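Down below is the structure, laid out as structure tokens.
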Amino acid sequence: MKPTDIGHPDYFHKVVDCQWACPAHTPVPEYIRLIAAGRYTDAYLVNWRSNVFPGILGRTCDRPCEPACRRSRVEDGQSKEPVAICRLKRVAADLKDDIRARLPTLAPRNGKRIACIGAGPASLTVARDLAPLGYQITVFDGAAKAGGFIRTQIPKFRLPETVVDEETGYVLDLGVEFRAGERIDSLQALLAQGYDAVFVGSGAPRGRDMNLPGRQEAAASIHIGIEWLASVSFGHVNKVGKRVIVLGGGNTAMDCCRSARRLGGEAVTVVVRSGFDEMKASPWEKEDAMHEGVVIRNFLNPKAFIVDNGTLTAMSFEPVTAKYDEKGRRQLLPTGESDVIIACDEVLMAVGQENAFPWIERDIGVRFEDSGLPVVDPVSFQSSHPKVFFGGDAAFGPKNIIWAVAHGHEAALSIDLQCRGLSVADRPAPDTTLVSQKMGLHEWSYDNAVALDKRHKVPLQKLDLALTDIKIEVEMGFDVQLAFKEAQRCLNCDIETVFTDNKCIECDACVDICPMDCITFTDNADELALRGTLKAPAVNLSQDLYVSGALKTGRIMAKDEDVCLHCGLCAERCPTGAWDMQKFLLHTAQAGHACHKRASGSSSANGSINASSTKA
């Protein structure tokens, strides 16, 4: 193998598994260390730069970072759980000071006007990135307040409205014009107003229906899940029948069933065609629903709504089983068992969402796929019309908030490039730093003690109280002590082991002391052969090997990045300083990226935040 190029920004970025997995590439270990040090405002601002909505996401994120966490693959037993990354994000939001003095300073207007359609997370991210650079941003939304589906379809027991008000307010206060209650009915007419770019962040606003026997007769008792949740949010719905069926296995279904429990549903059943493990809902959402008395029944295919004299009384379901072909494709086949009848008074259908673009004329240059989705470049988020960009659920269909934020950043960068006369394909490289953490012979600027601490549970409101009021937040969050303990579980994966081959004397001291046997001095070979001959074979092909140049004996050093604990014992033990622990920090490029390099102190003109990584 060739020597590893650690200068490539993706190399160490990939080693920081949580940041690599995050669509917005939030530098997770950086803000966790700040939380451990009690620097909550700094931790919040590190988050705010990348994910824009730390308080919202700290309660509702789909957490792609956590399955990637190194903790869950290097330990055994109860401690083999990821760091509670998402809930630590909430800690920074809950315990921060007033941040308004540290928000970006607004540059003079540059004469460019940008329209954002929809006031959800994607549009607000575009506004946050572009407004400080001098762009005149106008956000249109049919609702009275900003937030989009964050506000209307995430129940208040998961996300208090005050948090949405606060974090959308930070964006709107950056000189953004918010046209509340103004729905766009014609993209052609909007473009005719002379905007330099239009960003479409209108979400996937249409819930899917199920045209089963009995649907029309029982229409008054059957509701589309996302529409029902919005009605609950606005106070139009404040009660539900005692027996409720929720169709669907995603997070919307979990919000529906948990809301129904709080509005009077005594027997609430979620019915899913797939198996329990195949449900799209996050594991913790299913766990919370069952904790609140919701029953989940799997492998049942809806057949009909049963109506008696115009009144919905039950649903019938056909039992199915999953069969997989040689390519892993699944078919759900009838088992031949008798239909299952489940009694109900109301049904909530949460079986998917669809995009709806009747307001985009088909003759203005915006092309659409047969599926109804727009043709969107997956890197620049530009449509076939050069001035029109898409993001969030409007671009590629329903996902989640953190993906919408990531789309917003990329679209804002594209809009900025285009408005400056540059190619949207010419994406700036991220900013990276790699700095030694050595403070003395055996002292480091970060806490490198590794302990087998199990994950700490987030305290919950008492169940009998939580189910009495749909506005009572069910998760109470970590207090200072629990936040510190959970933060200490982080393995500091951004503190990298950096090897200098011309300092190495091949004494094997690092090999002897490594607790994971991830360092090997050996003859070079091709990657697959080398992986199998290491002291501990490197079986995870998705994580790279760190390979040195030729040493004095002709051997090379090969290190498996996959299971390294970043404990620093190799660097402490090395008699020549060939090993060092260096902090890698990556910030992805955003609009006005050249300004970021001028940042100093606590904030810059475009919101770049600098913070020390010292851990208490």
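Chain lettering (A, B, ...) mirrors the order of the structure tokens, residue numbering begins at 1 for each chain separately, and ligand numbering begins at 1 in order of display.
Residues within 9 Å of Pro575 (chain A), counting only C-alpha atoms and excluding same-chain residues fewer than 4 positions away, are Cys504, Ile505, Cys507, Ala509 and Ala571 of chain A.
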Those residues with all heavy atoms, as a PDB file, in the first residue's frame please?
ATOM      1  N   CYS A 504      10.869   7.129  13.892  1.00  0.00           N
ATOM      2  CA  CYS A 504      10.615   5.817  14.486  1.00  0.00           C
ATOM      3  C   CYS A 504      11.890   4.971  14.509  1.00  0.00           C
ATOM      4  O   CYS A 504      12.617   4.877  13.513  1.00  0.00           O
ATOM      5  CB  CYS A 504       9.530   5.099  13.696  1.00  0.00           C
ATOM      6  SG  CYS A 504       9.128   3.456  14.308  1.00  0.00           S
ATOM      7  N   ILE A 505      12.151   4.311  15.665  1.00  0.00           N
ATOM      8  CA  ILE A 505      13.307   3.415  15.778  1.00  0.00           C
ATOM      9  C   ILE A 505      12.856   1.946  15.828  1.00  0.00           C
ATOM     10  O   ILE A 505      13.650   1.055  16.118  1.00  0.00           O
ATOM     11  CB  ILE A 505      14.159   3.756  17.016  1.00  0.00           C
ATOM     12  CG1 ILE A 505      13.306   3.662  18.296  1.00  0.00           C
ATOM     13  CG2 ILE A 505      14.786   5.143  16.873  1.00  0.00           C
ATOM     14  CD1 ILE A 505      14.112   3.831  19.578  1.00  0.00           C
ATOM     15  N   CYS A 507      11.049   0.223  17.911  1.00  0.00           N
ATOM     16  CA  CYS A 507      11.257  -0.469  19.187  1.00  0.00           C
ATOM     17  C   CYS A 507      10.047  -1.290  19.606  1.00  0.00           C
ATOM     18  O   CYS A 507      10.118  -2.080  20.559  1.00  0.00           O
ATOM     19  CB  CYS A 507      11.589   0.548  20.284  1.00  0.00           C
ATOM     20  SG  CYS A 507      10.235   1.706  20.659  1.00  0.00           S
ATOM     21  N   ALA A 509       7.474  -0.383  21.186  1.00  0.00           N
ATOM     22  CA  ALA A 509       6.856   0.000  22.457  1.00  0.00           C
ATOM     23  C   ALA A 509       5.373   0.325  22.272  1.00  0.00           C
ATOM     24  O   ALA A 509       4.529  -0.021  23.111  1.00  0.00           O
ATOM     25  CB  ALA A 509       7.580   1.204  23.050  1.00  0.00           C
ATOM     26  N   ALA A 571       1.524   7.420  22.034  1.00  0.00           N
ATOM     27  CA  ALA A 571       2.303   8.659  22.031  1.00  0.00           C
ATOM     28  C   ALA A 571       3.023   8.868  23.355  1.00  0.00           C
ATOM     29  O   ALA A 571       4.145   9.384  23.393  1.00  0.00           O
ATOM     30  CB  ALA A 571       1.389   9.838  21.724  1.00  0.00           C
TER      31      ALA A 571
END
Item to complete: Excluding region 535-542 of chain A and residues on its chain fewer than 4 positions from it, collect all residues at most 8 Å away from it, counting only C-alpha atoms, and give them as a PyMOL selection string.
Response: chain A and resi 516-520+531+560+562
Discussion item. For a quick check of understanding, using only C-alpha atoms, which of A:Cys69, A:Val271, A:Ala525, A:Leu212 has the smallest distance to Gln19 (chain A)?
Written reply: A:Cys69
Discussion item. Going by DSSP on the backbone, which residues of region 211-427 of chain A come out as strand (DSSP E or B)? List them as a PyMOL selection string.
Written reply: chain A and resi 222-224+243-247+267-271+295-297+300-308+311-324+330-334+340-343+346-349+353-354+368+374+376+382-383+388-390
Worksheet item: Quick one, how far is CA of Ala589 (chain A) from CA of Cys61 (chain A)?
Response: 22.2 Å
Practice prompt. Check region 166-331 of chain A with DSSP on the backbone and list each residue it calls alpha helix (DSSP H), as a PyMOL selection string.
Written response: chain A and resi 166-172+187-191+225-233+251-262+283-291
Selection export as a compact mmCIF listing (two decimals), in the first residue's frame, atoms kept: N, CA and C atoms:
# COMPACT_ATOMS: atom_id res chain seq x y z
N GLU A 166 -37.56 30.42 19.61
CA GLU A 166 -36.22 30.95 19.86
C GLU A 166 -35.29 30.72 18.67
N GLU A 167 -35.24 29.50 18.16
CA GLU A 167 -34.22 29.18 17.16
C GLU A 167 -34.59 29.66 15.76
N THR A 168 -35.87 29.71 15.44
CA THR A 168 -36.24 30.35 14.18
C THR A 168 -36.05 31.86 14.30
N GLY A 169 -36.24 32.38 15.49
CA GLY A 169 -36.04 33.81 15.72
C GLY A 169 -34.60 34.25 15.48
N TYR A 170 -33.64 33.42 15.89
CA TYR A 170 -32.25 33.77 15.63
C TYR A 170 -31.99 34.02 14.14
N VAL A 171 -32.65 33.22 13.29
CA VAL A 171 -32.46 33.36 11.84
C VAL A 171 -33.20 34.59 11.33
N LEU A 172 -34.45 34.72 11.68
CA LEU A 172 -35.25 35.83 11.16
C LEU A 172 -34.71 37.18 11.62
N LEU A 187 -44.72 29.83 -9.30
CA LEU A 187 -43.28 30.08 -9.34
C LEU A 187 -42.94 31.04 -10.47
N GLN A 188 -43.65 30.95 -11.56
CA GLN A 188 -43.39 31.84 -12.69
C GLN A 188 -43.59 33.29 -12.28
N ALA A 189 -44.66 33.55 -11.55
CA ALA A 189 -44.93 34.92 -11.10
C ALA A 189 -43.87 35.39 -10.12
N LEU A 190 -43.38 34.50 -9.27
CA LEU A 190 -42.34 34.88 -8.32
C LEU A 190 -41.05 35.22 -9.04
N LEU A 191 -40.66 34.39 -10.01
CA LEU A 191 -39.45 34.67 -10.78
C LEU A 191 -39.56 35.99 -11.53
N GLY A 225 -52.31 11.24 8.74
CA GLY A 225 -51.52 11.48 9.94
C GLY A 225 -50.93 12.87 10.05
N ILE A 226 -50.26 13.35 8.99
CA ILE A 226 -49.59 14.65 9.11
C ILE A 226 -50.61 15.78 9.21
N GLU A 227 -51.76 15.62 8.55
CA GLU A 227 -52.80 16.65 8.65
C GLU A 227 -53.41 16.64 10.05
N TRP A 228 -53.61 15.44 10.60
CA TRP A 228 -54.15 15.34 11.94
C TRP A 228 -53.20 15.95 12.97
N LEU A 229 -51.90 15.70 12.82
CA LEU A 229 -50.92 16.28 13.75
C LEU A 229 -50.94 17.80 13.68
N ALA A 230 -51.07 18.35 12.46
CA ALA A 230 -51.15 19.80 12.32
C ALA A 230 -52.40 20.34 13.01
N SER A 231 -53.52 19.63 12.87
CA SER A 231 -54.76 20.05 13.52
C SER A 231 -54.62 20.02 15.04
N VAL A 232 -53.91 19.02 15.54
CA VAL A 232 -53.65 18.96 16.98
C VAL A 232 -52.77 20.14 17.40
N SER A 233 -51.74 20.43 16.61
CA SER A 233 -50.81 21.52 16.93
C SER A 233 -51.53 22.86 16.99
N ASN A 251 -41.62 7.50 11.98
CA ASN A 251 -41.64 8.41 13.12
C ASN A 251 -42.95 9.20 13.19
N THR A 252 -43.56 9.49 12.02
CA THR A 252 -44.85 10.17 12.05
C THR A 252 -45.90 9.30 12.74
N ALA A 253 -45.85 8.00 12.48
CA ALA A 253 -46.78 7.08 13.15
C ALA A 253 -46.56 7.11 14.66
N MET A 254 -45.30 7.18 15.08
CA MET A 254 -45.02 7.23 16.52
C MET A 254 -45.54 8.53 17.14
N ASP A 255 -45.41 9.64 16.41
CA ASP A 255 -45.96 10.90 16.91
C ASP A 255 -47.48 10.83 16.99
N CYS A 256 -48.10 10.18 16.01
CA CYS A 256 -49.56 10.04 16.01
C CYS A 256 -50.04 9.21 17.19
N CYS A 257 -49.42 8.05 17.41
CA CYS A 257 -49.91 7.17 18.47
C CYS A 257 -49.67 7.78 19.85
N ARG A 258 -48.53 8.44 20.02
CA ARG A 258 -48.24 9.05 21.33
C ARG A 258 -49.14 10.26 21.57
N SER A 259 -49.46 11.00 20.52
CA SER A 259 -50.41 12.11 20.66
C SER A 259 -51.79 11.58 21.01
N ALA A 260 -52.21 10.49 20.35
CA ALA A 260 -53.52 9.90 20.62
C ALA A 260 -53.65 9.47 22.07
N ARG A 261 -52.56 8.94 22.65
CA ARG A 261 -52.60 8.54 24.06
C ARG A 261 -52.88 9.73 24.96
N ARG A 262 -52.41 10.91 24.58
CA ARG A 262 -52.58 12.10 25.40
C ARG A 262 -53.93 12.78 25.19
N PRO A 283 -35.40 3.47 16.79
CA PRO A 283 -35.61 2.53 17.91
C PRO A 283 -36.11 3.20 19.18
N TRP A 284 -35.61 4.40 19.48
CA TRP A 284 -36.02 5.08 20.71
C TRP A 284 -37.46 5.58 20.60
N GLU A 285 -37.92 5.88 19.39
CA GLU A 285 -39.32 6.30 19.23
C GLU A 285 -40.26 5.13 19.51
N LYS A 286 -39.90 3.95 19.01
CA LYS A 286 -40.71 2.77 19.29
C LYS A 286 -40.70 2.46 20.79
N GLU A 287 -39.52 2.57 21.39
CA GLU A 287 -39.40 2.29 22.82
C GLU A 287 -40.26 3.24 23.64
N ASP A 288 -40.23 4.54 23.28
CA ASP A 288 -41.02 5.53 24.02
C ASP A 288 -42.52 5.26 23.85
N ALA A 289 -42.92 4.90 22.63
CA ALA A 289 -44.34 4.62 22.40
C ALA A 289 -44.81 3.44 23.24
N MET A 290 -44.04 2.36 23.26
CA MET A 290 -44.43 1.20 24.05
C MET A 290 -44.41 1.50 25.54
N HIS A 291 -43.48 2.34 25.97
CA HIS A 291 -43.42 2.76 27.38
C HIS A 291 -44.72 3.47 27.77
